[in-house]
Each structure stands twice: as C-alpha cells, then as structure tokens.
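Participant: Pasting a structure below so you can have a look.
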Number of protein chains: 2
Amino acid sequence: MARGPRPSEIHAEVGRRLATRGVRYTSGRRTVIGALQRVSGPQSAADLHKRIRSVPLSSLYRSLTVLDESGIVRRHHDAVGLARFELAEWLTGHHHHVVCIDCGTVEDVELDAATETVLDTVAASVAGSAGYELGGHVLEVEGVCSSCRV
Amino acid sequence: MARGPRPSEIHAEVGRRLATRGVRYTSGRRTVIGALQRVSGPQSAADLHKRIRSVPLSSLYRSLTVLDESGIVRRHHDAVGLARFELAEWLTGHHHHVVCIDCGTVEDVELDAATETVLDTVAASVAGSAGYELGGHVLEVEGVCSSCRV
DNA sequence: TTCCTTGCAAACGATTTGCATTGGA
DNA sequence: TCCAATGCAAATCGTTTGCAAGGAA
C-alpha cells in the first residue's frame with residue numbers, strides 16, 4: 001500500500017512542492033502542517049485554531065486554502081457542513097473514513113491491499129458505466145462508535 | 001436490489017411516515033417531495049427554489065429540515081460545502097454517487113447485487129476493525145464527466 | 001528591493017430564527 | 001378548534017476579503 005514519506009520528511013516534501021509553485025513555506029504554514037500531522041481524521045478550522053492559537057483564524061483559513069490548492073491538504077465537509085481538513089493522501093497514504101452517525105467523529109482506516117484492489121475494480125466499473133474517467137474513490141463507512149454505543 | 005415504492009405511491013408513503021410523527025404533509029412539502037422526485041442527484045436549496053418559486057427559501061429550508069429529521073430526505077454537502085438534498089434510500093432504492101472532479105455534478109448509480117454484496121462485506125470488516133456498529137456505507141467514485149472531458 | 005504573507009476588521013452568503021398570520025386535521 | 005406551518009425580515013456564523021504592515025528570498 002502506498003504510504004507517504006515518513007513524518008520527519010513531510011516538511012521537506014511540502015516545502016519542495018510549495019517552492020515549485022512559487023509559494024513560501026512560512027512558519028505559520030509549518031505550524032498548520034505540524035498540527036495536521038499530529039492528529040487523526042479531518043479537522044475543522046476551529047479545531048486547528050484551538051490547537052495553534054498562534055495562527056489567527058483568517059490566516060489559518062488562508063493557509064489551508066493555499067495548501068489545498070497546492071494539493072497538500074484536502075478539504076472535506078462533515079455532516080453538519082463544516083469544512084474539515086486533512087493531509088493529502090500522497091503524504092499520509094491512501095485511506096478511508098468511518099463516521100459515527102451519532103457524534104460525527106471521523107476516524108481514518110486503512111484497508112489491506114486485496115480489499116483495496118476489489119474497491120478499485122468496483123470504482124472502475126462504476127465510473128465506466130457512468131461515462132466518467134476514473135479519478136479515485138472514497139468509501140465512507142457509517143456506524144455507531146463505541147463511546148456512543150454505551 | 002431494494003428499490004423503493006413506485007413514484008405514484010411516494011406521497012402516500014411520505015404522508016404516512018409524517019403522520020406517525022405528528023407532522024403535517026402540507027402542500028408546500030408535497031411540492032418539495034415532487035421536485036426531488038423529478039430530478040436525479042442531490043439538489044441544493046437554491047436549485048429547488050429555482051424549480052418551485054412558490055415555496056420561499058426559508059420555508060424550503062424548514063421543510064427540508066423536517067423531512068430530513070423524519071428520515072424522508074437526506075442532507076449531503078458537496079465539495080464547496082453547499083447543502084444538497086435527495087430522497088432517502090427507502091424511497092429511491094440504495095445507490096451511490098459519481099462525482100465530477102471538475103464541475104461538481106453528482107449522478108446516482110446503482111450497482112448490481114453481487115457488487116453490492118462485496119461492498120457490504122468490506123464495510124462490515126472496516127466497521128468491525130474500527131470498533132463501530134455498522135450502519136451503512138457510501139461509495140463515492142470521483143472522476144471527470146464526459147462534458148468536462150471534451 | 002520585491003512580492004508574498006499576515007492581522008485585523010469589515011464584508012459575505014448560506015442557513016436559521018422570531019413573530020405574527022395562515023391553514024390543515 | 002388548536003396547534004403546526006408559513007412568510008417575511010432580521011439575526012447567525014463559518015468563511016472570505018480589503019488594506020496596510022511585516023517578512024522571506
């Protein structure tokens with residue numbers, strides 16, 4: 001399975017990628033990447049802001065936007081419509097999400113190669129029959145997490 | 001595959017479901033359900049409002065909220081974060097989405113029973129290994145639609 | 001020096017809500 | 001009749017943006 005660069009190399013990778021686009025890898029942006037690296041699952045701007053009070057919200061949003069446009073982070077939207085950000089798959093490895101229907105928590109999950117192959121096949125046939133050129137796939141498994149099941 | 005009631009029976013089904021919750025099936029709500037029935041893929045409030053000018057936006061949102069809470073429509077959020085609504089699966093049958101990475105269009109796709117079984121198995125194992133009680137699954141296939149590929 | 005980036009405050013826009021009125025069972 | 005539903009306008013709130021100051025190459 002395609003895991004990304006190891007954690008210690010992520011900053012270098014990101015810096016390189018930004019450089020080729022004429023974008024600076026400033027300390028604020030490093031802080032954001034660092035925070036995303038330390039957690040699991042997509043984070044809202046508010047979540048991140050709580051962890052890194054040094055970066056004001058507006059700058060945080062601006063950084064996340066640039067990082068998204070540069071393919072370094074990926075923006076999702078949770079069930080409530082809140083924007084949530086996570087490192088792109090080339091940095092973390094391909095993975096899927098398990099979403100708790102009750103509390104909304106999202107956790108990352110990696111599938112074994114065999115299963116992933118099956119999904120690829122399914123995705124390809126779906127894309128084909130709809131006349132789409134396949135780009136990727138996202139499997140979201142919904143359920144009730146252990147804390148909500150108590 | 002579990003298809004829902006036929007189109008002509010949907011209003012009756014919806015009315016029945018709402019009644020058990022002490023919610024009225026008013027003409028405005030009928031209009032909304034009718035509009036959702038006529039299109040394919042999740043619609044934004046603005047989309048719906050364009051089709052049914054008779055229902056003011058605020059009422060539209062209120063109806064969609066009630067219908068969502070009653071399990072009659074389901075709310076999603078597209079790549080831009082806009083809320084999009086579609087009839088619940090017990091009314092339309094279980095299906096998945098193909099999303100165009102370029103224009104954001106979302107189309108419904110139904111898989112054959114065999115493939116669906118495979119997905120169920122995958123979803124169950126994912127939920128299990130994450131300690132979740134399985135609720136359902138969503139496969140989103142991303143690609144480039146034919147019009148964007150020109 | 002030259003742009004890109006940052007901070008703050010103000011602006012935006014989708015969605016929600018208060019309140020008086022209307023309408024369905 | 002009686003309470004839920006509606007419409008309008010005002011309020012929310014996550015997110016974006018203008019502009020002047022700060023910082024990296």
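So you can find residues: chains in the structure tokens are A, B, ... in the order shown, residues in each start at 1, and ligands are numbered from 1 in order.
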Apply DSSP to the structure's backbone, then extract all residues of region 1-128 of chain B labelled strand (DSSP E) and return them as a ChimeraX atom specification.
Facilitator: /B:43-44,73-77,83-87,96-100,106-109
Participant: Residues of chain D were defined as contacting chain B if any atom lay at most 9 Å from it, counting only C-alpha atoms (C1' of nucleotides); please report them as a compact mmCIF listing (two decimals) with all heavy atoms, in the first residue's frame.
Facilitator:
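Output file result.txt is given in full below:
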```
# COMPACT_ATOMS: atom_id res chain seq x y z
P DA D 4 -47.92 21.73 17.94
OP1 DA D 4 -47.31 20.59 18.64
OP2 DA D 4 -47.62 23.11 18.36
O5' DA D 4 -47.62 21.56 16.40
C5' DA D 4 -48.28 20.52 15.68
C4' DA D 4 -48.30 20.88 14.21
O4' DA D 4 -49.10 22.07 14.02
C3' DA D 4 -46.91 21.20 13.65
O3' DA D 4 -46.84 20.65 12.34
C2' DA D 4 -46.88 22.71 13.64
C1' DA D 4 -48.34 23.08 13.38
N9 DA D 4 -48.73 24.35 13.97
C8 DA D 4 -48.57 24.75 15.27
N7 DA D 4 -49.04 25.95 15.50
C5 DA D 4 -49.56 26.36 14.29
C6 DA D 4 -50.20 27.55 13.88
N6 DA D 4 -50.45 28.56 14.70
N1 DA D 4 -50.58 27.63 12.59
C2 DA D 4 -50.32 26.61 11.76
N3 DA D 4 -49.73 25.45 12.03
C4 DA D 4 -49.37 25.38 13.33
P DA D 5 -45.62 21.01 11.40
OP1 DA D 5 -45.49 19.91 10.44
OP2 DA D 5 -44.49 21.40 12.27
O5' DA D 5 -46.12 22.29 10.60
C5' DA D 5 -47.25 22.17 9.75
C4' DA D 5 -47.30 23.33 8.78
O4' DA D 5 -47.69 24.52 9.49
C3' DA D 5 -45.98 23.67 8.08
O3' DA D 5 -46.29 24.05 6.75
C2' DA D 5 -45.42 24.82 8.92
C1' DA D 5 -46.71 25.53 9.31
N9 DA D 5 -46.67 26.26 10.57
C8 DA D 5 -46.18 25.84 11.78
N7 DA D 5 -46.33 26.73 12.74
C5 DA D 5 -46.96 27.80 12.12
C6 DA D 5 -47.40 29.05 12.60
N6 DA D 5 -47.26 29.43 13.87
N1 DA D 5 -47.98 29.88 11.72
C2 DA D 5 -48.12 29.48 10.43
N3 DA D 5 -47.75 28.33 9.87
C4 DA D 5 -47.17 27.53 10.78
P DT D 6 -45.17 24.61 5.78
OP1 DT D 6 -45.49 24.16 4.42
OP2 DT D 6 -43.86 24.36 6.38
O5' DT D 6 -45.47 26.18 5.82
C5' DT D 6 -46.66 26.65 5.22
C4' DT D 6 -46.67 28.17 5.25
O4' DT D 6 -46.62 28.62 6.62
C3' DT D 6 -45.48 28.82 4.53
O3' DT D 6 -46.01 29.76 3.61
C2' DT D 6 -44.69 29.50 5.64
C1' DT D 6 -45.74 29.72 6.71
N1 DT D 6 -45.27 29.73 8.11
C2 DT D 6 -45.60 30.80 8.90
O2 DT D 6 -46.24 31.76 8.49
N3 DT D 6 -45.15 30.73 10.19
C4 DT D 6 -44.43 29.70 10.77
O4 DT D 6 -44.10 29.75 11.96
C5 DT D 6 -44.12 28.61 9.90
C7 DT D 6 -43.34 27.44 10.42
C6 DT D 6 -44.55 28.67 8.62
P DG D 7 -45.23 30.12 2.27
OP1 DG D 7 -46.08 29.86 1.10
OP2 DG D 7 -43.89 29.53 2.37
O5' DG D 7 -45.10 31.70 2.45
C5' DG D 7 -45.55 32.26 3.65
C4' DG D 7 -45.30 33.73 3.71
O4' DG D 7 -45.02 34.01 5.09
C3' DG D 7 -44.09 34.24 2.94
O3' DG D 7 -44.30 35.63 2.64
C2' DG D 7 -42.95 34.04 3.93
C1' DG D 7 -43.63 34.30 5.28
N9 DG D 7 -43.14 33.44 6.36
C8 DG D 7 -42.63 32.17 6.25
N7 DG D 7 -42.28 31.65 7.40
C5 DG D 7 -42.59 32.65 8.34
C6 DG D 7 -42.43 32.66 9.75
O6 DG D 7 -41.99 31.77 10.48
N1 DG D 7 -42.86 33.87 10.31
C2 DG D 7 -43.37 34.92 9.59
N2 DG D 7 -43.73 35.98 10.28
N3 DG D 7 -43.53 34.92 8.26
C4 DG D 7 -43.11 33.75 7.71
```
Participant: So that I can see what lies close to DG18 (chain C), please list as a PyMOL selection string the residues with an atom at most 10 Å from it, counting only C-alpha atoms (C1' of nucleotides) and leaving out residues fewer than 6 positions away in the same chain.
Facilitator: chain D and resi 9-11
Participant: Restricting the output to C-alpha atoms (C1' of nucleotides), write the selected residues as an mmCIF file, in the first residue's frame.
Facilitator:
```
data_model
loop_
_atom_site.group_PDB
_atom_site.id
_atom_site.type_symbol
_atom_site.label_atom_id
_atom_site.label_comp_id
_atom_site.auth_asym_id
_atom_site.auth_seq_id
_atom_site.Cartn_x
_atom_site.Cartn_y
_atom_site.Cartn_z
ATOM 1 C "C1'" DA D 9 -37.367 40.270 7.865
ATOM 2 C "C1'" DA D 10 -33.670 40.190 10.983
ATOM 3 C "C1'" DA D 11 -30.066 37.510 13.071
#
```
Participant: Sorted by chain and rising residue number, list the residues of region 68-94 of chain B at most 9 Å from region 66-90 of chain A (counting only C-alpha atoms), each with its closest atom pair and distance in Å to one decimal, as JSON lines.
Facilitator:
```
{"residue": "B:Arg75", "atom": "CA", "partner": "A:Ala79", "partner_atom": "CA", "distance": 7.8}
{"residue": "B:His76", "atom": "CA", "partner": "A:Ala79", "partner_atom": "CA", "distance": 6.8}
{"residue": "B:His77", "atom": "CA", "partner": "A:Gly81", "partner_atom": "CA", "distance": 5.9}
{"residue": "B:Asp78", "atom": "CA", "partner": "A:His77", "partner_atom": "CA", "distance": 7.5}
{"residue": "B:Ala79", "atom": "CA", "partner": "A:His76", "partner_atom": "CA", "distance": 6.8}
{"residue": "B:Val80", "atom": "CA", "partner": "A:His77", "partner_atom": "CA", "distance": 8.2}
{"residue": "B:Gly81", "atom": "CA", "partner": "A:Gly81", "partner_atom": "CA", "distance": 5.8}
{"residue": "B:Leu82", "atom": "CA", "partner": "A:Gly81", "partner_atom": "CA", "distance": 7.3}
{"residue": "B:Ala83", "atom": "CA", "partner": "A:Gly81", "partner_atom": "CA", "distance": 6.9}
```
Participant: Compile the residues of chain C that lie within 9 Å of chain A, evaluated using only C-alpha atoms (C1' of nucleotides), and express the compilation as a list in words.
Facilitator: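 In the required form, that comes to DC4, DT5, DT6 and DG7 of chain C.
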Participant: Pick out the residues sitting within 12 Å of DC2 (chain D), and hand them over as a PyMOL selection string; count only C-alpha atoms (C1' of nucleotides), and ignore anything fewer than 4 positions along from it in its own chain.
Facilitator: chain C and resi 23-25
Participant: With 10 Å as the limit and counting only C-alpha atoms, what residues in chain B lie close to chain A? Please list them as JSON, numbers by chain.
Facilitator: {"B": [75, 76, 77, 78, 79, 80, 81, 82, 83, 96, 97, 98, 99, 100, 101, 107, 108, 109, 110, 111, 115, 116, 118, 119, 120, 121, 122, 123, 124, 125, 126, 127, 128, 129, 130, 131, 132, 133, 134, 135, 136, 137, 138, 139, 140, 141, 142, 143, 144, 145, 146, 147, 148, 149]}
Participant: Kindly give the distance, in Å, that separates CA of Ala113 (chain A) and CA of Ala35 (chain A), rounded to a single decimal.
Facilitator: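 About the pair CA of Ala113 (chain A) and CA of Ala35 (chain A): they are 28.6 Å apart.
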Participant: What are the DSSP helix (DSSP H, G or I) residues of region 25-129 of chain A, as JSON, numbers by chain?
Facilitator: {"A": [27, 28, 29, 30, 31, 32, 33, 34, 35, 36, 37, 38, 45, 46, 47, 48, 49, 50, 51, 57, 58, 59, 60, 61, 62, 63, 64, 65, 66, 67, 68, 69, 89, 90, 91, 92, 113, 114, 115, 116, 117, 118, 119, 120, 121, 122, 123, 124, 125, 126, 127, 128, 129]}
Participant: Separation of CA of Leu64 (chain B) and C1' of DT15 (chain C), in Å?
Facilitator: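 Interatomic distance, CA of Leu64 (chain B) to C1' of DT15 (chain C): 11.6 Å.
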